[in-house]
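S.K.: This one is entry-v6.tsv, TSV, C-alpha atoms.
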```tsv
chain	number	residue	atom	x	y	z
A	895	MET	CA	79.33	79.44	107.27
A	896	ILE	CA	82.61	81.39	107.25
A	897	GLU	CA	85.25	79.39	109.04
A	898	LYS	CA	87.66	80.97	111.49
A	899	ARG	CA	90.14	82.92	109.39
A	900	TYR	CA	92.60	84.22	111.97
A	901	LYS	CA	95.70	82.50	113.33
A	902	GLU	CA	96.31	81.18	116.84
A	903	ALA	CA	98.48	84.21	117.58
A	904	PHE	CA	95.38	86.41	117.32
A	905	GLU	CA	93.53	84.17	119.77
A	906	ARG	CA	96.36	84.64	122.26
A	907	ALA	CA	96.31	88.45	121.96
A	908	SER	CA	94.68	90.46	124.73
A	909	ASP	CA	90.97	91.22	124.42
A	910	ALA	CA	91.80	94.93	124.22
A	911	ARG	CA	94.17	94.40	121.30
A	912	LYS	CA	91.75	92.15	119.43
A	913	GLU	CA	88.95	94.67	119.95
A	914	LYS	CA	91.15	97.53	118.70
A	915	ILE	CA	92.25	95.69	115.56
A	916	LEU	CA	88.72	94.70	114.62
A	917	GLU	CA	87.26	98.13	115.34
A	918	VAL	CA	89.94	99.80	113.20
A	919	GLY	CA	89.48	97.17	110.50
A	920	ILE	CA	85.72	97.69	110.41
A	921	GLU	CA	86.24	101.45	110.12
A	922	GLU	CA	88.65	101.02	107.20
A	923	PHE	CA	86.58	98.44	105.32
A	924	SER	CA	83.27	100.24	105.89
A	925	SER	CA	84.62	103.56	104.64
A	926	LYS	CA	86.71	102.34	101.69
A	927	GLY	CA	85.38	98.92	100.75
A	928	PHE	CA	87.40	95.72	100.58
A	929	GLU	CA	89.44	96.52	97.47
A	930	ASN	CA	90.53	100.00	98.57
A	931	ALA	CA	91.07	99.23	102.25
A	932	ASN	CA	94.76	99.19	103.21
A	933	ILE	CA	95.95	96.62	105.71
A	934	ASN	CA	99.06	98.73	106.41
A	935	ILE	CA	96.84	101.61	107.51
A	936	ILE	CA	94.78	99.26	109.66
A	937	ALA	CA	97.93	98.01	111.38
A	938	LYS	CA	99.21	101.55	111.94
A	939	ASN	CA	95.90	102.81	113.34
A	940	ALA	CA	95.64	99.74	115.56
A	941	GLY	CA	99.08	100.49	116.99
A	942	ILE	CA	100.82	97.34	115.77
A	943	SER	CA	103.44	96.53	113.12
A	944	ILE	CA	102.44	95.13	109.75
A	945	GLY	CA	104.57	92.11	110.56
A	946	LEU	CA	102.51	91.41	113.66
A	947	MET	CA	99.31	91.93	111.67
A	948	TYR	CA	100.38	89.13	109.31
A	949	LYS	CA	101.10	86.93	112.31
A	950	TYR	CA	97.43	87.39	113.18
A	951	PHE	CA	95.93	87.17	109.68
A	952	ALA	CA	97.38	85.49	106.60
A	953	THR	CA	95.63	87.86	104.17
A	954	LYS	CA	93.58	91.03	104.04
A	955	GLU	CA	90.57	88.86	103.17
A	956	ASP	CA	91.00	86.91	106.42
A	957	LEU	CA	90.94	90.15	108.40
A	958	PHE	CA	87.92	91.35	106.40
A	959	LEU	CA	85.93	88.20	107.09
A	960	THR	CA	86.84	88.27	110.78
A	961	CYS	CA	85.60	91.88	110.97
A	962	ILE	CA	82.32	90.80	109.40
A	963	GLN	CA	81.91	87.97	111.89
A	964	ARG	CA	82.55	90.43	114.71
A	965	GLY	CA	79.93	92.86	113.41
A	966	CYS	CA	77.33	90.14	112.90
A	967	SER	CA	77.74	88.60	116.34
A	968	ILE	CA	76.79	91.72	118.30
A	969	LEU	CA	73.31	92.24	116.84
A	970	ASP	CA	72.72	88.51	116.44
A	971	ASN	CA	73.21	87.92	120.16
A	972	GLU	CA	70.64	90.59	120.97
A	973	LEU	CA	68.12	89.20	118.49
A	974	GLU	CA	68.61	85.70	119.89
A	975	GLU	CA	67.40	86.77	123.34
A	976	ILE	CA	64.34	88.55	121.93
A	977	MET	CA	63.27	85.81	119.55
A	978	ASN	CA	63.64	83.06	122.14
A	979	SER	CA	61.22	84.80	124.51
A	980	ASP	CA	57.61	83.65	124.97
A	981	GLU	CA	56.24	87.09	124.12
A	982	LYS	CA	53.69	87.65	121.39
A	983	ILE	CA	55.08	88.38	117.95
A	984	LEU	CA	54.19	92.09	117.96
A	985	ILE	CA	55.95	92.60	121.29
A	986	LYS	CA	59.00	90.88	119.85
A	987	ALA	CA	58.76	93.11	116.78
A	988	ALA	CA	58.67	96.26	118.92
A	989	ARG	CA	61.73	95.11	120.87
A	990	VAL	CA	63.57	94.28	117.65
A	991	ILE	CA	62.84	97.71	116.14
A	992	ARG	CA	64.06	99.47	119.27
A	993	THR	CA	67.19	97.29	119.32
A	994	ILE	CA	67.84	98.12	115.67
A	995	CYS	CA	67.61	101.86	116.43
A	996	TYR	CA	70.01	101.55	119.36
A	997	HIS	CA	72.43	99.24	117.57
A	998	SER	CA	72.55	101.44	114.47
A	999	LYS	CA	73.49	104.50	116.51
A	1000	LYS	CA	76.06	102.70	118.64
A	1001	HIS	CA	77.63	100.50	115.97
A	1002	GLY	CA	77.20	102.52	112.77
A	1003	ASN	CA	80.43	101.20	111.28
A	1004	TYR	CA	79.08	97.64	111.33
A	1005	ILE	CA	76.00	98.71	109.40
A	1006	ARG	CA	78.08	100.67	106.89
A	1007	LEU	CA	80.26	97.59	106.43
A	1008	TYR	CA	77.13	95.52	105.79
A	1009	ASN	CA	75.94	98.10	103.26
A	1010	GLU	CA	79.33	97.99	101.58
A	1011	ILE	CA	79.31	94.23	101.10
A	1012	THR	CA	75.80	94.23	99.60
A	1013	ALA	CA	77.50	95.66	96.49
A	1014	GLU	CA	80.03	92.81	96.36
A	1015	LYS	CA	80.64	91.83	92.72
A	1016	ASN	CA	82.42	88.52	93.33
A	1017	PRO	CA	79.61	85.91	93.10
A	1018	GLU	CA	81.38	83.28	95.22
A	1019	LEU	CA	82.27	85.77	97.96
A	1020	ALA	CA	78.78	87.29	97.82
A	1021	LYS	CA	77.22	83.84	98.31
A	1022	MET	CA	79.50	83.05	101.24
A	1023	LEU	CA	78.85	86.40	102.89
A	1024	ALA	CA	75.09	86.17	102.38
A	1025	GLU	CA	74.99	82.71	103.96
A	1026	GLU	CA	77.09	83.85	106.92
A	1027	ILE	CA	75.17	87.07	107.57
A	1028	GLU	CA	71.60	86.30	106.53
A	1029	PHE	CA	71.09	82.67	107.50
A	1030	PRO	CA	71.07	83.07	111.32
A	1031	THR	CA	68.72	86.06	111.23
A	1032	SER	CA	66.40	84.47	108.70
A	1033	ARG	CA	66.02	81.37	110.91
A	1034	LYS	CA	65.11	83.53	113.89
A	1035	TYR	CA	62.45	85.51	112.04
A	1036	ILE	CA	60.97	82.54	110.18
A	1037	THR	CA	60.75	80.46	113.35
A	1038	ALA	CA	59.17	83.27	115.38
A	1039	ILE	CA	56.54	83.97	112.72
A	1040	ALA	CA	55.80	80.27	112.22
A	1041	GLN	CA	55.31	79.84	115.97
A	1042	ALA	CA	52.97	82.83	116.05
A	1043	TYR	CA	51.09	81.35	113.08
A	1044	ALA	CA	50.67	78.05	114.95
A	1045	LYS	CA	49.26	79.93	117.96
A	1046	ASN	CA	46.88	81.89	115.71
A	1047	ASP	CA	48.60	85.13	116.81
A	1048	VAL	CA	48.98	86.28	113.20
A	1049	ARG	CA	46.79	86.14	110.13
A	1050	GLN	CA	46.43	82.69	108.62
A	1051	ASP	CA	46.80	83.59	104.94
A	1052	LEU	CA	50.50	84.44	105.08
A	1053	ASP	CA	53.72	82.62	104.24
A	1054	PRO	CA	56.10	82.84	107.23
A	1055	ARG	CA	59.19	82.71	105.03
A	1056	LEU	CA	58.08	85.51	102.71
A	1057	LEU	CA	56.86	87.63	105.60
A	1058	ALA	CA	60.19	87.13	107.37
A	1059	PHE	CA	61.97	88.29	104.21
A	1060	PHE	CA	59.82	91.41	103.88
A	1061	LEU	CA	60.20	92.17	107.59
A	1062	ASP	CA	63.97	91.93	107.39
A	1063	ASN	CA	63.97	94.23	104.35
A	1064	LEU	CA	62.19	96.89	106.41
A	1065	LEU	CA	64.62	96.52	109.30
A	1066	THR	CA	67.65	96.56	107.00
A	1067	MET	CA	66.51	99.80	105.41
A	1068	LEU	CA	65.97	101.26	108.87
A	1069	GLN	CA	69.57	100.41	109.79
A	1070	PHE	CA	70.87	102.04	106.61
A	1071	SER	CA	68.72	105.11	107.26
A	1072	TYR	CA	70.51	105.68	110.56
A	1073	THR	CA	74.03	105.14	109.29
A	1074	CYS	CA	74.62	105.41	105.52
A	1075	ALA	CA	74.89	108.81	103.83
A	1076	TYR	CA	72.57	108.11	100.88
A	1077	TYR	CA	69.87	106.51	103.02
A	1078	ARG	CA	70.12	109.24	105.66
A	1079	GLU	CA	69.37	111.78	102.94
A	1080	ARG	CA	66.57	109.56	101.65
A	1081	PHE	CA	65.06	109.44	105.13
A	1082	GLU	CA	65.04	113.23	105.35
A	1083	ILE	CA	63.51	113.61	101.87
A	1084	TYR	CA	60.60	111.37	102.84
A	1085	THR	CA	60.07	112.58	106.41
A	1086	GLY	CA	61.39	116.14	106.39
A	1087	ILE	CA	63.40	115.29	109.53
A	1088	ASN	CA	67.10	114.68	110.00
A	1089	VAL	CA	67.39	111.15	111.32
A	1090	ASP	CA	69.59	112.38	114.20
A	1091	GLU	CA	66.64	114.46	115.38
A	1092	MET	CA	64.04	111.73	114.97
A	1093	ASP	CA	62.43	110.39	118.14
A	1094	ASP	CA	63.10	106.66	118.26
A	1095	ASP	CA	59.78	106.13	120.03
A	1096	GLN	CA	58.03	107.56	116.98
A	1097	VAL	CA	60.01	105.27	114.68
A	1098	VAL	CA	59.09	102.24	116.79
A	1099	TYR	CA	55.41	103.23	116.97
A	1100	GLN	CA	54.97	103.96	113.26
A	1101	LEU	CA	56.89	100.96	111.98
A	1102	LEU	CA	55.16	98.66	114.45
A	1103	LYS	CA	51.75	99.84	113.22
A	1104	PHE	CA	52.84	99.08	109.67
A	1105	ILE	CA	54.02	95.60	110.68
A	1106	GLU	CA	50.87	95.00	112.73
A	1107	SER	CA	48.71	95.58	109.67
A	1108	ALA	CA	50.75	93.02	107.73
A	1109	PHE	CA	50.54	90.49	110.56
A	1110	THR	CA	46.87	90.83	111.47
A	1111	PHE	CA	44.66	92.34	108.73
A	1112	GLU	CA	43.25	89.67	106.42
A	1113	LYS	CA	41.36	90.20	103.20
```
Would you mind giving the structure from this file in structure tokens?
M.R.:
Amino acid sequence: MIEKRYKEAFERASDARKEKILEVGIEEFSSKGFENANINIIAKNAGISIGLMYKYFATKEDLFLTCIQRGCSILDNELEEIMNSDEKILIKAARVIRTICYHSKKHGNYIRLYNEITAEKNPELAKMLAEEIEFPTSRKYITAIAQAYAKNDVRQDLDPRLLAFFLDNLLTMLQFSYTCAYYRERFEIYTGINVDEMDDDQVVYQLLKFIESAFTFEK
């Protein structure tokens, strides 16, 4: 897991200031990538001096990793509540899809930042980021599917870990389709509809039917 990378001075800053710095940082990193992002621009757009920025974060990488942790925590908290419920797996899936639609529209910069880091070329950083971002979500999905398997709520010829992986792939692509330029165009090529004009209820219904067939139809 990524350890805390900011200094005590950042902890003492007001919630409004911390929120502003991280929002501006996420915008900069998601639009330009880590290498091209400029910490001086982030400081200026956040309304603080570069000197104060370095009192909060020792390096640009520390700010970058803190922005990632911020982005991950928002969706993760929502998924935690859904996956810990006693609802059947398909009801959980429907709630997750709807949450993904809402989250992608409201927090597009976080998804674009996630898309940006999937192209990370530094193997050590890529491994650290993957463990930080993917591990919590993977545990939630694997556990929920395994519990449904034990209750005979899903087909009995599946591997919960592989199914969790394939499910997350679908949901990741859905997030990118709402937020990232290439995937937005891809969505329109396949569906003939601009994603901004797509009815979320239709997305939830169609994707849920696809997932239901994977969960319940045996050979």
S.K.: Find the residues near range 963-967 of chain A: any atom within 10 Å, counting all atoms listed in the file, skip ones fewer than 2 places away on the same chain, and give them as number ranges by chain.
M.R.: A: 896-899, 913, 916-917, 920, 957-961, 969-973, 1001, 1003-1005, 1007-1008, 1023, 1026-1028, 1030-1031
S.K.: Select, from A:Arg906, A:Lys1000, A:Arg992, A:Arg1033, the residue with the minimum atom-to-atom distance to Ile968 in chain A, counting all atoms listed in the file.
M.R.: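 Residue with the minimum atom-to-atom distance to Ile968 in chain A: A:Lys1000.
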S.K.: What is the CA of Ile915 in chain A to CA of Phe928 in chain A distance in Å?
M.R.: 15.7 Å
S.K.: Just checking: using all atoms listed in the file, which residue out of A:Ile985, A:Val1098, A:Ala907, A:Val1089 ends up closest to Thr1073 in chain A?
M.R.: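 Closest to Thr1073 in chain A of all the choices is A:Val1089.
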S.K.: Could you state the separation of CA of Met1022 in chain A and CA of Lys986 in chain A in Å, given to one decimal place?
M.R.: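 Interatomic distance here is 28.8 Å.
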S.K.: In terms of the shortest atom-to-atom distance over all atoms listed in the file, which of A:Thr1085, A:Lys1015, A:Ala1038, A:Glu921 is closest to Ser979 in chain A?
M.R.: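 Of all the options, A:Ala1038 lies closest to Ser979 in chain A.
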S.K.: Which residue out of A:Glu1106, A:Glu1014, A:Glu922, A:Asp1062 has the minimum interatomic distance to Ala940 in chain A when all atoms listed in the file are used?
M.R.: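 With all atoms listed in the file as the atom set, the closest residue is A:Glu922.
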S.K.: For Glu1010 in chain A, work out the shell of residues within 8 Å, counting only C-alpha atoms and skipping chain neighbours fewer than 4 positions away, then give it as a PyMOL selection string.
M.R.: chain A and resi 924+927+1006+1014
S.K.: Would you list the residues near (70.5, 95.2, 112.0), meaning any protein, DNA or RNA residue with an atom at most 6 Å from that point in file coordinates, counting all atoms listed in the file, as a CSV table (one decimal) with C-alpha atoms, keeping the file's coordinate frame?
M.R.:
```csv
chain,number,residue,atom,x,y,z
A,994,ILE,CA,67.8,98.1,115.7
A,1066,THR,CA,67.6,96.6,107.0
A,1069,GLN,CA,69.6,100.4,109.8
```
S.K.: Figure out the distance between CA of Phe923 in chain A and CA of Met947 in chain A, please, to one decimal in Å.
M.R.: 15.6 Å
S.K.: Considering all atoms listed in the file, return as a CSV table (one decimal) with C-alpha atoms, keeping the file's coordinate frame whatever protein or nucleic-acid residues lie within 12 Å of Ser1071 in chain A, sequence-local ones (same chain, fewer than 3 positions apart) excluded.
M.R.:
```
chain,number,residue,atom,x,y,z
A,994,ILE,CA,67.8,98.1,115.7
A,995,CYS,CA,67.6,101.9,116.4
A,998,SER,CA,72.6,101.4,114.5
A,999,LYS,CA,73.5,104.5,116.5
A,1002,GLY,CA,77.2,102.5,112.8
A,1005,ILE,CA,76.0,98.7,109.4
A,1006,ARG,CA,78.1,100.7,106.9
A,1009,ASN,CA,75.9,98.1,103.3
A,1064,LEU,CA,62.2,96.9,106.4
A,1065,LEU,CA,64.6,96.5,109.3
A,1066,THR,CA,67.6,96.6,107.0
A,1067,MET,CA,66.5,99.8,105.4
A,1068,LEU,CA,66.0,101.3,108.9
A,1074,CYS,CA,74.6,105.4,105.5
A,1075,ALA,CA,74.9,108.8,103.8
A,1076,TYR,CA,72.6,108.1,100.9
A,1077,TYR,CA,69.9,106.5,103.0
A,1078,ARG,CA,70.1,109.2,105.7
A,1079,GLU,CA,69.4,111.8,102.9
A,1080,ARG,CA,66.6,109.6,101.6
A,1081,PHE,CA,65.1,109.4,105.1
A,1082,GLU,CA,65.0,113.2,105.4
A,1083,ILE,CA,63.5,113.6,101.9
A,1084,TYR,CA,60.6,111.4,102.8
A,1085,THR,CA,60.1,112.6,106.4
A,1087,ILE,CA,63.4,115.3,109.5
A,1088,ASN,CA,67.1,114.7,110.0
A,1089,VAL,CA,67.4,111.2,111.3
A,1090,ASP,CA,69.6,112.4,114.2
A,1092,MET,CA,64.0,111.7,115.0
A,1097,VAL,CA,60.0,105.3,114.7
```
S.K.: Please provide the set of residues having any atom within 10 Å of Arg1055 in chain A, restricted to all atoms listed in the file, with same-chain residues fewer than 5 positions apart removed, written as a ChimeraX atom specification.
M.R.: /A:1032-1033,1035-1037,1039-1040,1060-1061
S.K.: Taking only C-alpha atoms into account, which of A:Leu984, A:Tyr1043, A:Ala952, A:His997 comes nearest Glu902 in chain A?
M.R.: A:Ala952
S.K.: Each side padded by 8 Å, which centre and which edge lengths in Å (one decimal) define the axis-aligned box around the listed atoms of range 1068-1083 of chain A? Give them as AutoDock Vina command-line options.
M.R.:
```
--center_x 69.2 --center_y 107.0 --center_z 105.7 --size_x 27.4 --size_y 29.2 --size_z 25.7
```
